[in-house]
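Peer 1: Sending over protein_8.cif (mmCIF, C-alpha atoms).
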data_upload
loop_
_atom_site.label_atom_id
_atom_site.label_comp_id
_atom_site.auth_asym_id
_atom_site.auth_seq_id
_atom_site.Cartn_x
_atom_site.Cartn_y
_atom_site.Cartn_z
CA MET A 18 0.00 0.00 0.00
CA ALA A 19 2.64 2.37 1.07
CA GLU A 20 4.65 1.60 -1.99
CA GLU A 21 1.68 2.12 -4.21
CA THR A 22 0.97 5.52 -2.82
CA LYS A 23 4.58 6.51 -3.03
CA ALA A 24 5.04 5.59 -6.62
CA PRO A 25 2.40 7.87 -8.15
CA THR A 26 3.51 10.86 -6.14
CA ALA A 27 7.08 10.36 -7.21
CA HIS A 28 5.90 10.14 -10.76
CA ALA A 29 3.89 13.28 -10.51
CA GLY A 30 6.84 15.02 -9.00
CA SER A 31 9.20 14.08 -11.77
CA SER A 32 6.72 14.77 -14.53
CA GLY A 33 6.26 18.38 -13.70
CA GLY A 34 4.84 19.07 -10.28
CA GLU A 35 8.16 19.13 -8.55
CA SER A 36 10.37 20.43 -11.30
CA ARG A 37 8.43 23.65 -11.51
CA PRO A 38 8.97 24.93 -8.00
CA GLU A 39 12.66 24.28 -8.49
CA ARG A 40 12.64 26.46 -11.52
CA SER A 41 10.70 29.14 -9.80
CA GLY A 42 13.30 29.06 -7.05
CA GLY A 43 15.98 29.76 -9.58
CA ASP A 44 13.94 32.46 -11.12
CA ARG A 45 13.31 34.10 -7.81
CA SER A 46 17.00 34.40 -7.15
CA ASP A 47 17.23 35.99 -10.55
CA ARG A 48 14.53 38.43 -9.57
CA SER A 49 16.46 39.62 -6.56
CA GLY A 50 19.49 40.12 -8.76
CA PRO A 51 20.39 43.45 -10.25
CA ARG A 52 19.02 42.65 -13.62
CA GLY A 53 15.37 41.80 -13.97
CA PRO A 54 14.65 41.35 -17.64
CA ARG A 55 10.96 41.13 -16.88
CA PRO A 56 9.21 44.40 -17.57
CA ALA A 57 8.78 45.94 -14.19
CA GLY A 58 5.24 46.72 -13.29
CA GLY A 59 4.09 45.01 -16.44
CA PRO A 60 0.67 43.54 -16.80
CA GLY A 61 1.24 40.70 -14.38
CA GLY A 62 -2.43 40.40 -13.65
CA PRO A 63 -3.94 39.65 -10.29
CA ARG A 64 -2.10 37.29 -8.02
CA GLU A 65 -3.61 33.88 -7.84
CA GLY A 66 -4.59 33.02 -4.34
CA GLY A 67 -4.22 29.64 -2.74
CA ARG A 68 -0.84 28.90 -4.25
CA LYS A 69 2.27 28.58 -2.20
CA TYR A 70 4.36 30.68 -4.56
CA PHE A 71 3.11 33.92 -5.89
CA ARG A 72 4.44 34.14 -9.35
CA ARG A 73 3.86 36.99 -11.62
CA LYS A 74 3.06 35.82 -15.09
CA LYS A 75 6.06 36.30 -17.33
CA VAL A 76 5.52 38.15 -20.53
CA CYS A 77 7.74 38.69 -23.48
CA LYS A 78 9.32 42.11 -23.24
CA PHE A 79 9.52 42.40 -27.00
CA CYS A 80 5.85 41.61 -27.50
CA VAL A 81 4.70 43.95 -24.75
CA GLU A 82 6.82 46.91 -25.77
CA LYS A 83 6.43 46.08 -29.46
CA ILE A 84 10.14 46.03 -30.09
CA GLU A 85 10.41 44.34 -33.46
CA ALA A 86 13.95 45.20 -34.44
CA VAL A 87 16.26 43.11 -32.33
CA ASN A 88 19.55 44.43 -33.50
CA TYR A 89 23.11 43.56 -32.60
CA LYS A 90 23.92 47.25 -32.29
CA ASP A 91 21.55 47.86 -29.42
CA VAL A 92 23.88 46.79 -26.66
CA ARG A 93 21.77 48.15 -23.87
CA LEU A 94 18.81 46.07 -24.87
CA LEU A 95 20.81 42.92 -25.42
CA ALA A 96 22.69 43.29 -22.15
CA GLN A 97 19.43 42.81 -20.28
CA PHE A 98 19.29 39.27 -21.61
CA VAL A 99 22.85 38.31 -20.87
CA ALA A 100 23.85 36.96 -17.47
CA GLU A 101 26.82 38.29 -15.54
CA SER A 102 28.86 35.43 -16.88
CA GLY A 103 28.12 36.52 -20.42
CA LYS A 104 25.71 33.69 -21.10
CA ILE A 105 22.41 34.19 -22.85
CA THR A 106 19.67 34.02 -20.24
CA PRO A 107 17.30 31.13 -20.88
CA ARG A 108 13.80 31.84 -22.01
CA ARG A 109 12.25 30.18 -19.00
CA LEU A 110 13.76 32.85 -16.77
CA THR A 111 13.09 35.89 -18.90
CA GLY A 112 9.74 34.94 -20.38
CA VAL A 113 10.71 35.93 -23.90
CA CYS A 114 8.63 34.19 -26.53
CA MET A 115 10.25 31.76 -28.91
CA PRO A 116 10.29 33.92 -32.07
CA HIS A 117 11.87 36.75 -30.18
CA GLN A 118 14.33 34.55 -28.34
CA ARG A 119 15.58 33.31 -31.70
CA ARG A 120 16.19 36.81 -32.94
CA LEU A 121 17.65 37.81 -29.62
CA SER A 122 20.16 35.01 -29.48
CA ARG A 123 21.23 35.71 -33.04
CA ALA A 124 21.71 39.38 -32.22
CA ILE A 125 23.70 38.58 -29.09
CA LYS A 126 25.98 36.27 -31.02
CA GLN A 127 26.58 38.92 -33.65
CA ALA A 128 27.30 41.49 -30.98
CA ARG A 129 29.83 39.15 -29.43
CA ASN A 130 31.64 38.80 -32.70
CA ILE A 131 32.12 42.52 -33.05
CA ALA A 132 33.22 42.94 -29.42
CA LEU A 133 30.12 44.76 -28.29
CA LEU A 134 29.27 41.99 -25.84
CA PRO A 135 31.64 39.63 -24.08
CA PHE A 136 31.88 35.95 -24.90
CA ALA A 137 32.56 35.20 -21.26
CA GLY A 138 32.70 37.32 -18.19
CA ARG A 139 31.69 40.87 -17.69
CA ALA A 140 32.55 43.56 -20.18
CA GLN A 141 35.63 45.33 -18.90
CA MET B 11 20.06 42.12 -57.48
CA ASN B 12 20.82 44.70 -54.91
CA ARG B 13 20.77 43.91 -51.27
CA ASN B 14 21.26 45.82 -48.08
CA TYR B 15 24.20 45.11 -45.86
CA GLU B 16 25.60 46.54 -42.72
CA LEU B 17 29.32 46.41 -42.40
CA MET B 18 30.75 47.30 -39.04
CA PHE B 19 34.44 47.46 -38.46
CA ILE B 20 36.74 48.46 -35.65
CA VAL B 21 40.02 50.25 -36.18
CA ARG B 22 42.75 50.64 -33.63
CA PRO B 23 42.16 53.45 -31.15
CA ASP B 24 45.34 55.35 -31.94
CA MET B 25 44.39 55.89 -35.56
CA VAL B 26 44.40 59.52 -36.63
CA ASP B 27 41.18 61.04 -37.93
CA GLU B 28 42.80 61.86 -41.23
CA ASP B 29 43.82 58.28 -41.88
CA LEU B 30 40.42 57.06 -40.84
CA ASN B 31 38.67 59.43 -43.21
CA LYS B 32 40.98 58.37 -45.98
CA LEU B 33 40.22 54.71 -45.31
CA ILE B 34 36.50 55.35 -45.25
CA SER B 35 36.56 57.33 -48.47
CA THR B 36 38.52 54.62 -50.28
CA LEU B 37 36.03 52.02 -49.09
CA GLU B 38 33.12 54.16 -50.16
CA SER B 39 34.61 54.81 -53.56
CA SER B 40 35.11 51.10 -54.10
CA VAL B 41 31.42 50.59 -53.40
CA THR B 42 30.21 53.40 -55.63
CA SER B 43 32.46 52.31 -58.46
CA ALA B 44 30.77 48.91 -58.34
CA GLY B 45 27.37 50.52 -58.57
CA GLY B 46 26.33 50.58 -54.95
CA THR B 47 25.47 53.26 -52.44
CA THR B 48 26.70 53.71 -48.90
CA LYS B 49 26.04 55.65 -45.77
CA THR B 50 28.73 55.75 -43.13
CA GLU B 51 28.47 56.44 -39.44
CA VAL B 52 31.47 56.78 -37.21
CA TRP B 53 30.56 55.76 -33.70
CA GLY B 54 33.81 56.97 -32.27
CA LYS B 55 35.97 55.40 -29.64
CA ARG B 56 34.35 52.70 -27.58
CA ARG B 57 35.45 50.18 -25.06
CA LEU B 58 35.70 46.64 -26.42
CA ALA B 59 33.90 43.91 -24.52
CA TYR B 60 37.08 41.85 -24.58
CA ARG B 61 40.68 42.32 -25.55
CA VAL B 62 41.42 42.01 -29.22
CA GLY B 63 45.08 41.51 -29.79
CA ARG B 64 46.51 44.12 -27.49
CA PHE B 65 43.68 46.61 -27.74
CA ASN B 66 41.10 47.35 -25.09
CA ASP B 67 39.19 49.88 -27.10
CA GLY B 68 38.70 50.82 -30.69
CA ILE B 69 36.99 53.19 -33.08
CA PHE B 70 33.77 51.73 -34.40
CA VAL B 71 32.60 52.51 -37.91
CA LEU B 72 29.32 51.41 -39.40
CA MET B 73 28.64 51.36 -43.14
CA MET B 74 25.22 50.80 -44.57
CA ILE B 75 25.65 49.39 -48.05
CA ASP B 76 23.17 48.92 -50.81
CA GLY B 77 24.71 46.82 -53.51
CA LYS B 78 25.61 43.40 -54.80
CA GLY B 79 27.33 40.66 -52.90
CA ALA B 80 30.52 41.19 -54.85
CA VAL B 81 30.79 44.65 -53.34
CA VAL B 82 30.85 43.19 -49.88
CA HIS B 83 33.41 40.64 -50.94
CA GLU B 84 35.69 43.34 -52.16
CA LEU B 85 35.23 45.41 -49.02
CA GLU B 86 35.99 42.48 -46.77
CA ARG B 87 39.11 41.68 -48.72
CA ARG B 88 40.26 45.27 -48.34
CA LEU B 89 39.53 45.31 -44.63
CA ARG B 90 41.46 42.11 -44.15
CA VAL B 91 44.45 43.64 -45.87
CA THR B 92 44.22 46.95 -44.06
CA GLU B 93 46.34 46.66 -40.97
CA PRO B 94 44.70 49.08 -38.52
CA VAL B 95 41.37 47.29 -38.82
CA ILE B 96 41.04 44.98 -35.85
CA LYS B 97 37.68 43.41 -36.51
CA PHE B 98 34.77 43.56 -38.90
CA LEU B 99 31.32 42.08 -39.25
CA THR B 100 28.96 42.07 -42.19
CA VAL B 101 25.27 41.51 -41.71
CA ARG B 102 22.70 41.26 -44.44
CA THR B 103 19.70 43.36 -43.52
CA ASP B 104 17.34 43.48 -46.48
CA GLU B 105 15.11 40.66 -45.29
CA GLU B 106 14.93 42.12 -41.84
CA LEU B 107 14.07 45.51 -43.28
CA LYS B 108 11.39 43.95 -45.42
CA ARG B 109 9.95 42.19 -42.40
CA LEU B 110 9.92 45.39 -40.37
CA ASP B 111 8.29 47.24 -43.22
CA LYS B 112 5.56 44.64 -43.38
CA ILE B 113 4.92 44.80 -39.66
CA LYS B 114 4.80 48.54 -39.77
CA LYS B 115 2.31 48.48 -42.60
CA ILE B 116 0.09 46.05 -40.74
CA ARG B 117 0.25 48.17 -37.62
CA ASP B 118 -0.54 51.33 -39.50
CA SER B 119 -3.51 49.77 -41.26
CA LYS B 120 -4.74 48.43 -37.93
CA LYS B 121 -4.40 51.82 -36.36
CA LYS B 122 -6.35 53.42 -39.15
CA ALA B 123 -8.97 50.69 -39.10
CA SER B 124 -9.38 50.88 -35.36
CA ALA B 125 -9.40 54.66 -35.32
CA ALA B 126 -12.07 54.98 -37.99
CA PRO B 127 -14.65 52.39 -36.86
CA ALA B 128 -14.09 53.11 -33.20
CA ALA B 129 -15.78 56.45 -33.54
CA THR B 130 -18.70 55.02 -35.51
CA ALA B 131 -18.92 51.91 -33.35
CA ALA B 132 -19.15 53.95 -30.20
CA SER B 133 -22.14 55.85 -31.49
CA VAL B 134 -23.79 52.69 -32.84
CA THR B 135 -23.29 50.51 -29.77
CA GLY B 136 -24.81 53.14 -27.57
CA THR B 137 -28.34 52.39 -28.76
CA PRO B 138 -28.35 48.55 -28.89
CA GLU B 139 -26.87 48.35 -25.44
CA ALA B 140 -29.63 50.45 -24.06
CA GLY B 141 -32.10 48.20 -25.86
CA THR B 142 -30.64 44.99 -24.42
CA GLU B 143 -30.39 46.38 -20.97
CA THR B 144 -34.03 47.04 -20.48
CA PRO B 145 -35.24 43.50 -21.27
CA ALA B 146 -32.52 42.03 -19.09
CA SER B 147 -33.46 44.15 -16.14
CA ALA B 148 -37.19 43.62 -16.58
CA PRO B 149 -37.30 39.84 -15.75
CA VAL B 150 -35.13 40.29 -12.69
#
Go ahead and express the file in the form of structure tokens.

Peer 2:
Amino acid sequence: MAEETKAPTAHAGSSGGESRPERSGGDRSDRSGPRGPRPAGGPGGPREGGRKYFRRKKVCKFCVEKIEAVNYKDVRLLAQFVAESGKITPRRLTGVCMPHQRRLSRAIKQARNIALLPFAGRAQ
Amino acid sequence: MNRNYELMFIVRPDMVDEDLNKLISTLESSVTSAGGTTKTEVWGKRRLAYRVGRFNDGIFVLMMIDGKGAVVHELERRLRVTEPVIKFLTVRTDEELKRLDKIKKIRDSKKKASAAPAATAASVTGTPEAGTETPASAPV
């Protein structure tokens, strides 16, 4: 009996239930960091009650602000989506939609090649 | 077929303005002689995100080119040969520009469409709403 009850819960945990809070933990640490790529005060909507974690709904900055031209020359914009280490911040943390993430990553890579953004580490 | 390109290159920071202007004008003339047009912006001295050779900063120059692919080939060859040029990057932009144009057109048409019917819709909806409200309130 005990085994039976354990097994489904473990399954549920691995399939998604448990992996999500972990992610949200990572994303919360990101939120407290200096760089919050999420549009501040954006249309997060009302907080859902009853949940353990209050999570604002992530929205794509490019869709909300209608930024269509993701350009390698706009260092200030691109730098918001690059971690301290110089890595491209994953979509699950920033909430950028897939079409825009594709353009964004291309632009960041181009900017790296022309020494506007660092490959690794902070810009000097 | 003409295409749009952006060619950005970095020259060493200790380059004199005169030499830079000379370099730019030679590059421009090589484009125009091949039947293209250019627009050049000099961004000025900027810090590099990482060391290139022994340089920590450089002078950034951006050229917008409208021409054939062969033009770009020639320019890149020249830049490679030119010693003070530390780095360069060519990006083709015509498809992106086309895409942006399209989006802009759609947005403009939407704006117009929403601006025009909004005024008429507001005046029209005023009456039916009043009509539907009274029957709804009557049964309650």

Peer 1: Up to 10 Å from chain B, what residues of chain A turn up? Count only C-alpha atoms and give them as number ranges by chain.

Peer 2: A: 85-90, 127-141

Peer 1: Measure the distance from atom CA of A:Ser102 to atom CA of A:Glu82 in Å and round it to one decimal.

Peer 2: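 Computed distance, atom CA of A:Ser102 to atom CA of A:Glu82, equals 26.4 Å.
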
Peer 1: Which protein, DNA or RNA residues are at most 12 Å from (21.6, 31.6, -21.1) in the file's coordinates when you count only C-alpha atoms, listed as a PDB file with C-alpha atoms, in the coordinates of the input?

Peer 2:
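Saved result, result12.pdb, follows:
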ATOM      1  CA  ALA A  96      22.690  43.290 -22.150  1.00  0.00           C
ATOM      2  CA  GLN A  97      19.430  42.810 -20.280  1.00  0.00           C
ATOM      3  CA  PHE A  98      19.290  39.270 -21.610  1.00  0.00           C
ATOM      4  CA  VAL A  99      22.850  38.310 -20.870  1.00  0.00           C
ATOM      5  CA  ALA A 100      23.850  36.960 -17.470  1.00  0.00           C
ATOM      6  CA  GLU A 101      26.820  38.290 -15.540  1.00  0.00           C
ATOM      7  CA  SER A 102      28.860  35.430 -16.880  1.00  0.00           C
ATOM      8  CA  GLY A 103      28.120  36.520 -20.420  1.00  0.00           C
ATOM      9  CA  LYS A 104      25.710  33.690 -21.100  1.00  0.00           C
ATOM     10  CA  ILE A 105      22.410  34.190 -22.850  1.00  0.00           C
ATOM     11  CA  THR A 106      19.670  34.020 -20.240  1.00  0.00           C
ATOM     12  CA  PRO A 107      17.300  31.130 -20.880  1.00  0.00           C
ATOM     13  CA  ARG A 108      13.800  31.840 -22.010  1.00  0.00           C
ATOM     14  CA  ARG A 109      12.250  30.180 -19.000  1.00  0.00           C
ATOM     15  CA  LEU A 110      13.760  32.850 -16.770  1.00  0.00           C
ATOM     16  CA  THR A 111      13.090  35.890 -18.900  1.00  0.00           C
ATOM     17  CA  GLN A 118      14.330  34.550 -28.340  1.00  0.00           C
ATOM     18  CA  LEU A 121      17.650  37.810 -29.620  1.00  0.00           C
ATOM     19  CA  SER A 122      20.160  35.010 -29.480  1.00  0.00           C
ATOM     20  CA  ILE A 125      23.700  38.580 -29.090  1.00  0.00           C
ATOM     21  CA  LYS A 126      25.980  36.270 -31.020  1.00  0.00           C
ATOM     22  CA  PHE A 136      31.880  35.950 -24.900  1.00  0.00           C
ATOM     23  CA  ALA A 137      32.560  35.200 -21.260  1.00  0.00           C
TER      24      ALA A 137
END

Peer 1: What's the 10 Å shell around B:Arg88, counting all atoms listed in the file, without same-chain residues fewer than 3 positions away, as a list of chain:residue names?

Peer 2: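 Contacts, in chain order: B:Leu33, B:Thr36, B:Leu37, B:Ser40, B:Val82, B:His83, B:Glu84, B:Leu85, B:Val91, B:Thr92, B:Glu93, B:Val95.
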
Peer 1: One number please: atom CA of B:Val41 to atom CA of B:Asp104, in Å, one decimal.

Peer 2: 17.2 Å

Peer 1: Could you list, as a PyMOL selection string, every residue matched by the PyMOL selection byres ((chain B and resi 79) around 9) in this structure?

Peer 2: chain B and resi 11-13+15+77-78+80-84

Peer 1: Assuming the chain letters and numbering stay as they are in my file, what does the PyMOL selection byres ((chain A and resi 80) around 12) actually select? List them as a PDB file with C-alpha atoms, keeping the file's coordinate frame.

Peer 2:
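Done, and the output landed in out_33.pdb:
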ATOM      1  CA  ARG A  55      10.960  41.130 -16.880  1.00  0.00           C
ATOM      2  CA  PRO A  56       9.210  44.400 -17.570  1.00  0.00           C
ATOM      3  CA  GLY A  59       4.090  45.010 -16.440  1.00  0.00           C
ATOM      4  CA  LYS A  75       6.060  36.300 -17.330  1.00  0.00           C
ATOM      5  CA  VAL A  76       5.520  38.150 -20.530  1.00  0.00           C
ATOM      6  CA  CYS A  77       7.740  38.690 -23.480  1.00  0.00           C
ATOM      7  CA  LYS A  78       9.320  42.110 -23.240  1.00  0.00           C
ATOM      8  CA  PHE A  79       9.520  42.400 -27.000  1.00  0.00           C
ATOM      9  CA  VAL A  81       4.700  43.950 -24.750  1.00  0.00           C
ATOM     10  CA  GLU A  82       6.820  46.910 -25.770  1.00  0.00           C
ATOM     11  CA  LYS A  83       6.430  46.080 -29.460  1.00  0.00           C
ATOM     12  CA  ILE A  84      10.140  46.030 -30.090  1.00  0.00           C
ATOM     13  CA  GLU A  85      10.410  44.340 -33.460  1.00  0.00           C
ATOM     14  CA  ALA A  86      13.950  45.200 -34.440  1.00  0.00           C
ATOM     15  CA  VAL A  87      16.260  43.110 -32.330  1.00  0.00           C
ATOM     16  CA  GLY A 112       9.740  34.940 -20.380  1.00  0.00           C
ATOM     17  CA  VAL A 113      10.710  35.930 -23.900  1.00  0.00           C
ATOM     18  CA  CYS A 114       8.630  34.190 -26.530  1.00  0.00           C
ATOM     19  CA  MET A 115      10.250  31.760 -28.910  1.00  0.00           C
ATOM     20  CA  PRO A 116      10.290  33.920 -32.070  1.00  0.00           C
ATOM     21  CA  HIS A 117      11.870  36.750 -30.180  1.00  0.00           C
ATOM     22  CA  GLN A 118      14.330  34.550 -28.340  1.00  0.00           C
TER      23      GLN A 118
END

Peer 1: Work out how far atom CA of B:Arg90 is from atom CA of B:Asp24, in Å to one decimal.

Peer 2: 18.4 Å
